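Undergrad: Handing over structure-v8.cif, mmCIF, C-alpha atoms.
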data_data
#
loop_
_atom_site.label_atom_id
_atom_site.label_comp_id
_atom_site.auth_asym_id
_atom_site.auth_seq_id
_atom_site.Cartn_x
_atom_site.Cartn_y
_atom_site.Cartn_z
CA MET A 32 17.28 -73.97 -57.36
CA ASN A 33 16.55 -74.91 -60.93
CA THR A 34 18.92 -72.76 -62.95
CA SER A 35 22.27 -71.09 -62.65
CA GLN A 36 20.47 -67.71 -62.82
CA ASP A 37 18.27 -68.71 -59.86
CA ALA A 38 21.38 -69.75 -57.93
CA ILE A 39 23.14 -66.46 -58.75
CA LYS A 40 20.12 -64.47 -57.55
CA LYS A 41 19.83 -66.50 -54.32
CA LEU A 42 23.53 -66.18 -53.53
CA GLY A 43 23.47 -62.46 -54.34
CA ASP A 44 20.54 -61.97 -51.98
CA LEU A 45 22.32 -63.85 -49.20
CA ILE A 46 25.61 -61.94 -49.36
CA LYS A 47 24.52 -58.45 -50.51
CA ASP A 48 24.49 -56.92 -47.03
CA ILE A 49 27.58 -58.71 -45.69
CA LYS A 50 30.50 -56.38 -46.27
CA PHE A 51 33.34 -58.53 -44.93
CA ALA A 52 34.25 -62.07 -45.88
CA MET A 53 37.04 -64.51 -45.03
CA LEU A 54 39.08 -65.55 -48.07
CA THR A 55 40.87 -68.89 -47.76
CA THR A 56 43.75 -69.84 -50.05
CA VAL A 57 45.98 -72.91 -50.15
CA GLY A 58 49.71 -72.44 -49.50
CA SER A 59 52.38 -74.23 -51.51
CA ASP A 60 52.81 -76.61 -48.54
CA GLY A 61 49.08 -77.43 -48.54
CA THR A 62 48.18 -75.34 -45.49
CA LEU A 63 45.07 -73.20 -45.55
CA HIS A 64 45.36 -69.45 -44.97
CA SER A 65 42.35 -67.23 -44.29
CA ARG A 66 42.15 -63.48 -44.06
CA PRO A 67 39.37 -60.87 -43.94
CA MET A 68 38.54 -59.13 -47.18
CA THR A 69 36.02 -56.47 -48.19
CA THR A 70 33.67 -57.60 -50.93
CA GLN A 71 33.14 -54.89 -53.53
CA GLN A 72 29.52 -53.82 -53.44
CA GLN A 73 27.95 -54.42 -56.80
CA GLU A 74 25.18 -56.64 -58.06
CA PHE A 75 26.39 -60.24 -57.90
CA ASP A 76 26.64 -61.78 -61.37
CA GLY A 77 28.61 -64.93 -60.57
CA ASP A 78 31.92 -63.19 -59.76
CA LEU A 79 33.15 -61.72 -56.48
CA TRP A 80 35.61 -58.81 -56.53
CA PHE A 81 38.18 -57.72 -53.94
CA PHE A 82 40.97 -55.16 -54.05
CA THR A 83 44.38 -56.64 -53.26
CA GLY A 84 48.05 -55.89 -53.44
CA ALA A 85 49.52 -57.50 -56.56
CA ASP A 86 52.53 -58.83 -54.63
CA SER A 87 50.60 -60.10 -51.60
CA LEU A 88 50.91 -63.60 -50.17
CA LYS A 89 47.34 -64.45 -51.17
CA VAL A 90 48.16 -63.72 -54.81
CA GLU A 91 51.26 -65.91 -54.60
CA GLU A 92 49.17 -68.69 -53.08
CA PHE A 93 46.40 -68.64 -55.67
CA GLN A 94 49.01 -68.64 -58.44
CA PHE A 95 49.96 -72.03 -56.99
CA ASN A 96 46.38 -73.22 -56.44
CA ARG A 97 43.55 -71.13 -57.89
CA HIS A 98 40.83 -72.86 -55.84
CA VAL A 99 39.68 -70.58 -53.02
CA ASN A 100 36.90 -70.37 -50.48
CA VAL A 101 35.08 -67.23 -49.40
CA SER A 102 33.01 -67.39 -46.20
CA TYR A 103 30.32 -64.94 -45.18
CA ALA A 104 28.53 -64.71 -41.83
CA ASN A 105 25.72 -62.49 -40.64
CA PRO A 106 24.82 -63.87 -37.19
CA GLU A 107 22.14 -61.21 -36.58
CA ASP A 108 20.08 -62.51 -39.52
CA GLN A 109 21.33 -66.09 -39.21
CA HIS A 110 22.84 -66.11 -42.74
CA TYR A 111 25.99 -68.18 -43.28
CA VAL A 112 27.48 -68.78 -46.72
CA SER A 113 30.49 -70.76 -47.94
CA VAL A 114 31.54 -70.05 -51.53
CA SER A 115 33.94 -72.10 -53.67
CA GLY A 116 35.54 -70.53 -56.69
CA ILE A 117 38.50 -69.96 -58.96
CA ALA A 118 40.75 -66.95 -58.23
CA GLU A 119 42.29 -64.68 -60.83
CA LEU A 120 44.42 -61.55 -60.56
CA VAL A 121 42.94 -58.76 -62.68
CA ARG A 122 44.77 -55.60 -63.73
CA ASP A 123 42.04 -53.44 -65.25
CA PRO A 124 42.13 -49.66 -64.63
CA ALA A 125 38.51 -49.26 -65.76
CA LYS A 126 37.28 -51.94 -63.33
CA ASN A 127 39.45 -50.45 -60.57
CA LYS A 128 37.81 -47.05 -61.15
CA GLU A 129 34.32 -48.61 -61.21
CA LEU A 130 34.84 -50.30 -57.82
CA TRP A 131 37.07 -47.71 -56.13
CA ASN A 132 36.16 -46.02 -52.85
CA PRO A 133 38.42 -43.32 -51.37
CA VAL A 134 38.60 -45.23 -48.09
CA TYR A 135 40.87 -47.75 -49.86
CA LYS A 136 43.64 -45.14 -49.81
CA ALA A 137 44.41 -46.49 -46.32
CA TRP A 138 45.78 -49.62 -48.06
CA PHE A 139 46.73 -48.06 -51.38
CA PRO A 140 48.09 -44.55 -50.58
CA LYS A 141 48.52 -43.59 -54.23
CA GLY A 142 44.88 -44.42 -54.92
CA LEU A 143 44.03 -45.58 -58.41
CA ASP A 144 47.61 -44.81 -59.46
CA ASP A 145 49.10 -47.18 -56.88
CA PRO A 146 51.24 -49.72 -58.76
CA GLU A 147 50.34 -52.39 -56.17
CA LEU A 148 46.60 -51.98 -56.79
CA ALA A 149 44.99 -55.02 -58.38
CA LEU A 150 41.72 -56.87 -58.23
CA LEU A 151 41.12 -60.40 -57.07
CA LYS A 152 38.27 -61.90 -59.06
CA VAL A 153 36.67 -65.07 -57.74
CA LYS A 154 34.59 -66.89 -60.34
CA VAL A 155 32.09 -68.69 -58.14
CA THR A 156 31.54 -72.35 -58.96
CA ASP A 157 29.48 -73.53 -55.99
CA ALA A 158 28.07 -72.24 -52.72
CA GLU A 159 26.46 -73.67 -49.65
CA TYR A 160 24.30 -71.67 -47.30
CA TRP A 161 22.56 -71.87 -43.98
CA ASP A 162 19.72 -69.38 -43.71
CA THR A 163 17.25 -69.32 -40.85
CA PRO A 164 14.26 -67.40 -42.19
CA SER A 165 12.21 -67.79 -39.01
CA GLY A 166 12.57 -65.39 -36.12
CA LYS A 167 14.79 -65.90 -33.12
CA MET A 168 11.81 -66.92 -30.98
CA VAL A 169 10.87 -69.72 -33.38
CA GLN A 170 14.52 -70.89 -33.36
CA LEU A 171 14.62 -70.75 -29.57
CA ILE A 172 11.45 -72.83 -29.33
CA GLY A 173 13.00 -75.40 -31.70
CA PHE A 174 16.19 -75.57 -29.61
CA VAL A 175 14.25 -75.87 -26.34
CA LYS A 176 12.09 -78.61 -27.85
CA ALA A 177 15.22 -80.48 -28.95
CA LEU A 178 16.70 -80.20 -25.47
CA ALA A 179 13.45 -81.30 -23.78
CA THR A 180 12.89 -84.31 -26.04
CA GLY A 181 16.53 -85.36 -26.37
CA GLU A 182 16.12 -85.30 -30.15
CA PRO A 183 18.60 -83.30 -32.26
CA TYR A 184 17.50 -79.93 -33.59
CA LYS A 185 16.50 -80.35 -37.24
CA ALA A 186 16.68 -77.46 -39.65
CA SER A 187 14.18 -77.35 -42.48
CA LYS A 188 15.34 -77.82 -46.09
CA ASP A 189 14.86 -74.08 -46.63
CA GLU A 190 17.57 -73.37 -44.07
CA HIS A 191 20.38 -75.26 -45.80
CA ASP A 192 21.05 -75.81 -49.47
CA LYS A 193 23.80 -76.06 -52.05
CA LEU A 194 23.97 -73.89 -55.15
CA HIS A 195 25.77 -74.63 -58.39
CA ILE A 196 26.81 -71.44 -60.19
CA ASN A 197 29.09 -72.55 -63.03
CA ASP A 198 31.18 -75.47 -64.27
CA GLU A 199 34.63 -73.86 -64.45
CA ARG A 200 37.24 -76.10 -62.89
CA VAL A 201 41.02 -75.92 -62.67
CA ALA A 202 43.17 -79.03 -62.62
#
For this file, write the structure as structure tokens.
TA:
Amino acid sequence: MNTSQDAIKKLGDLIKDIKFAMLTTVGSDGTLHSRPMTTQQQEFDGDLWFFTGADSLKVEEFQFNRHVNVSYANPEDQHYVSVSGIAELVRDPAKNKELWNPVYKAWFPKGLDDPELALLKVKVTDAEYWDTPSGKMVQLIGFVKALATGEPYKASKDEHDKLHINDERVA
């Protein structure tokens, strides 16, 4: 990838059809905590959005350490993505309305008027992905060849890469 815009497009293409992600935060004691989250479906522009409860443990944890990881996996298509970013709690009624889906009432019974309703914005800094563009048969042949020859399976450069999205860092 040559530019940040290229990296944003590539990452957006990789995660657009993966609805659920695992968000990892760092606790005040240094332990890592992961939980499933639903990525809000919109065109990726460098930020990921999730609905959250304003008083949730994850919010408390990223107030302590704003560095988070978001992991995506789509085993059927062999797409795996690990995203690093900076978390921020956002209270924006207009953005809530833009991203809202009535199904979220299961977590926020008062809907858009729920006082607990907030958004977790992750400003993506970097991402790493593993993408196997070839079909399962080609992969199987590669694995069988590796087993038969005793040589490790080697993925092509196109299958694994790192993307740099933006330079924001938090001390």
Undergrad: Got a sec: who's within 7 Å of segment 37-50 of chain A, counting all atoms listed in the file, leaving out chain neighbours fewer than 6 positions off, as an NGL selection string?
TA: :A and (69-70 or 75-77 or 103 or 105 or 110 or 194-196)
Undergrad: On this structure, the PyMOL selection byres ((chain A and resi 139-143) around 12) would catch which residues? List them as an mmCIF file with C-alpha atoms, in the coordinates of the input, sorted by chain and number.
TA:
data_model
loop_
_atom_site.group_PDB
_atom_site.id
_atom_site.type_symbol
_atom_site.label_atom_id
_atom_site.label_comp_id
_atom_site.auth_asym_id
_atom_site.auth_seq_id
_atom_site.Cartn_x
_atom_site.Cartn_y
_atom_site.Cartn_z
ATOM 1 C CA PHE A 82 40.970 -55.160 -54.050
ATOM 2 C CA THR A 83 44.380 -56.640 -53.260
ATOM 3 C CA GLY A 84 48.050 -55.890 -53.440
ATOM 4 C CA ALA A 85 49.520 -57.500 -56.560
ATOM 5 C CA ARG A 122 44.770 -55.600 -63.730
ATOM 6 C CA ASP A 123 42.040 -53.440 -65.250
ATOM 7 C CA PRO A 124 42.130 -49.660 -64.630
ATOM 8 C CA ALA A 125 38.510 -49.260 -65.760
ATOM 9 C CA LYS A 126 37.280 -51.940 -63.330
ATOM 10 C CA ASN A 127 39.450 -50.450 -60.570
ATOM 11 C CA LYS A 128 37.810 -47.050 -61.150
ATOM 12 C CA GLU A 129 34.320 -48.610 -61.210
ATOM 13 C CA LEU A 130 34.840 -50.300 -57.820
ATOM 14 C CA TRP A 131 37.070 -47.710 -56.130
ATOM 15 C CA ASN A 132 36.160 -46.020 -52.850
ATOM 16 C CA PRO A 133 38.420 -43.320 -51.370
ATOM 17 C CA VAL A 134 38.600 -45.230 -48.090
ATOM 18 C CA TYR A 135 40.870 -47.750 -49.860
ATOM 19 C CA LYS A 136 43.640 -45.140 -49.810
ATOM 20 C CA ALA A 137 44.410 -46.490 -46.320
ATOM 21 C CA TRP A 138 45.780 -49.620 -48.060
ATOM 22 C CA ASP A 144 47.610 -44.810 -59.460
ATOM 23 C CA ASP A 145 49.100 -47.180 -56.880
ATOM 24 C CA PRO A 146 51.240 -49.720 -58.760
ATOM 25 C CA GLU A 147 50.340 -52.390 -56.170
ATOM 26 C CA LEU A 148 46.600 -51.980 -56.790
ATOM 27 C CA ALA A 149 44.990 -55.020 -58.380
ATOM 28 C CA LEU A 150 41.720 -56.870 -58.230
#
Undergrad: Within 9 Å of Val90 of chain A, counting all atoms listed in the file, which residues qualify if same-chain residues fewer than 4 places away don't, as a list in words?
TA: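 Final neighbour list, sorted by chain and number: Thr56, Thr83, Gly84, Ala85, Asp86, Gln94, Phe95, Ala118, Glu119, Leu120 and Leu151 of chain A.
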Undergrad: Only C-alpha atoms, please: the residues just picked out, written as a PDB file, in the frame of the given file.
TA:
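Output file part.pdb follows:
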ATOM      1  CA  THR A  56      43.750 -69.840 -50.050  1.00  0.00           C
ATOM      2  CA  THR A  83      44.380 -56.640 -53.260  1.00  0.00           C
ATOM      3  CA  GLY A  84      48.050 -55.890 -53.440  1.00  0.00           C
ATOM      4  CA  ALA A  85      49.520 -57.500 -56.560  1.00  0.00           C
ATOM      5  CA  ASP A  86      52.530 -58.830 -54.630  1.00  0.00           C
ATOM      6  CA  GLN A  94      49.010 -68.640 -58.440  1.00  0.00           C
ATOM      7  CA  PHE A  95      49.960 -72.030 -56.990  1.00  0.00           C
ATOM      8  CA  ALA A 118      40.750 -66.950 -58.230  1.00  0.00           C
ATOM      9  CA  GLU A 119      42.290 -64.680 -60.830  1.00  0.00           C
ATOM     10  CA  LEU A 120      44.420 -61.550 -60.560  1.00  0.00           C
ATOM     11  CA  LEU A 151      41.120 -60.400 -57.070  1.00  0.00           C
TER      12      LEU A 151
END
Undergrad: Using only C-alpha atoms, find the one residue out of A:Ala52, A:Leu63, A:Thr34, A:Leu88 that sits nearest to Val101 of chain A.
TA: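 Smallest separation from Val101 of chain A among the options: A:Ala52.
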Undergrad: Within 7 Å of Arg66 of chain A, counting all atoms listed in the file, which residues qualify if same-chain residues fewer than 5 places away don't, as a compact mmCIF listing (two decimals) with C-alpha atoms, keeping the file's coordinate frame?
TA:
# COMPACT_ATOMS: atom_id res chain seq x y z
CA MET A 53 37.04 -64.51 -45.03
CA LEU A 54 39.08 -65.55 -48.07
CA THR A 55 40.87 -68.89 -47.76
Undergrad: Would you mind telling me which residue in A:Asp78, A:Glu91, A:Asp60, A:Asp108 lies nearest to Val153 of chain A when using only C-alpha atoms?
TA: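 Of the candidates, the smallest distance to Val153 of chain A is held by A:Asp78.
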Undergrad: Record the distance separating atom CA of Glu74 of chain A and atom CA of Tyr111 of chain A, expressed in Å with one decimal.
TA: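 Distance between the two atoms: 18.8 Å.
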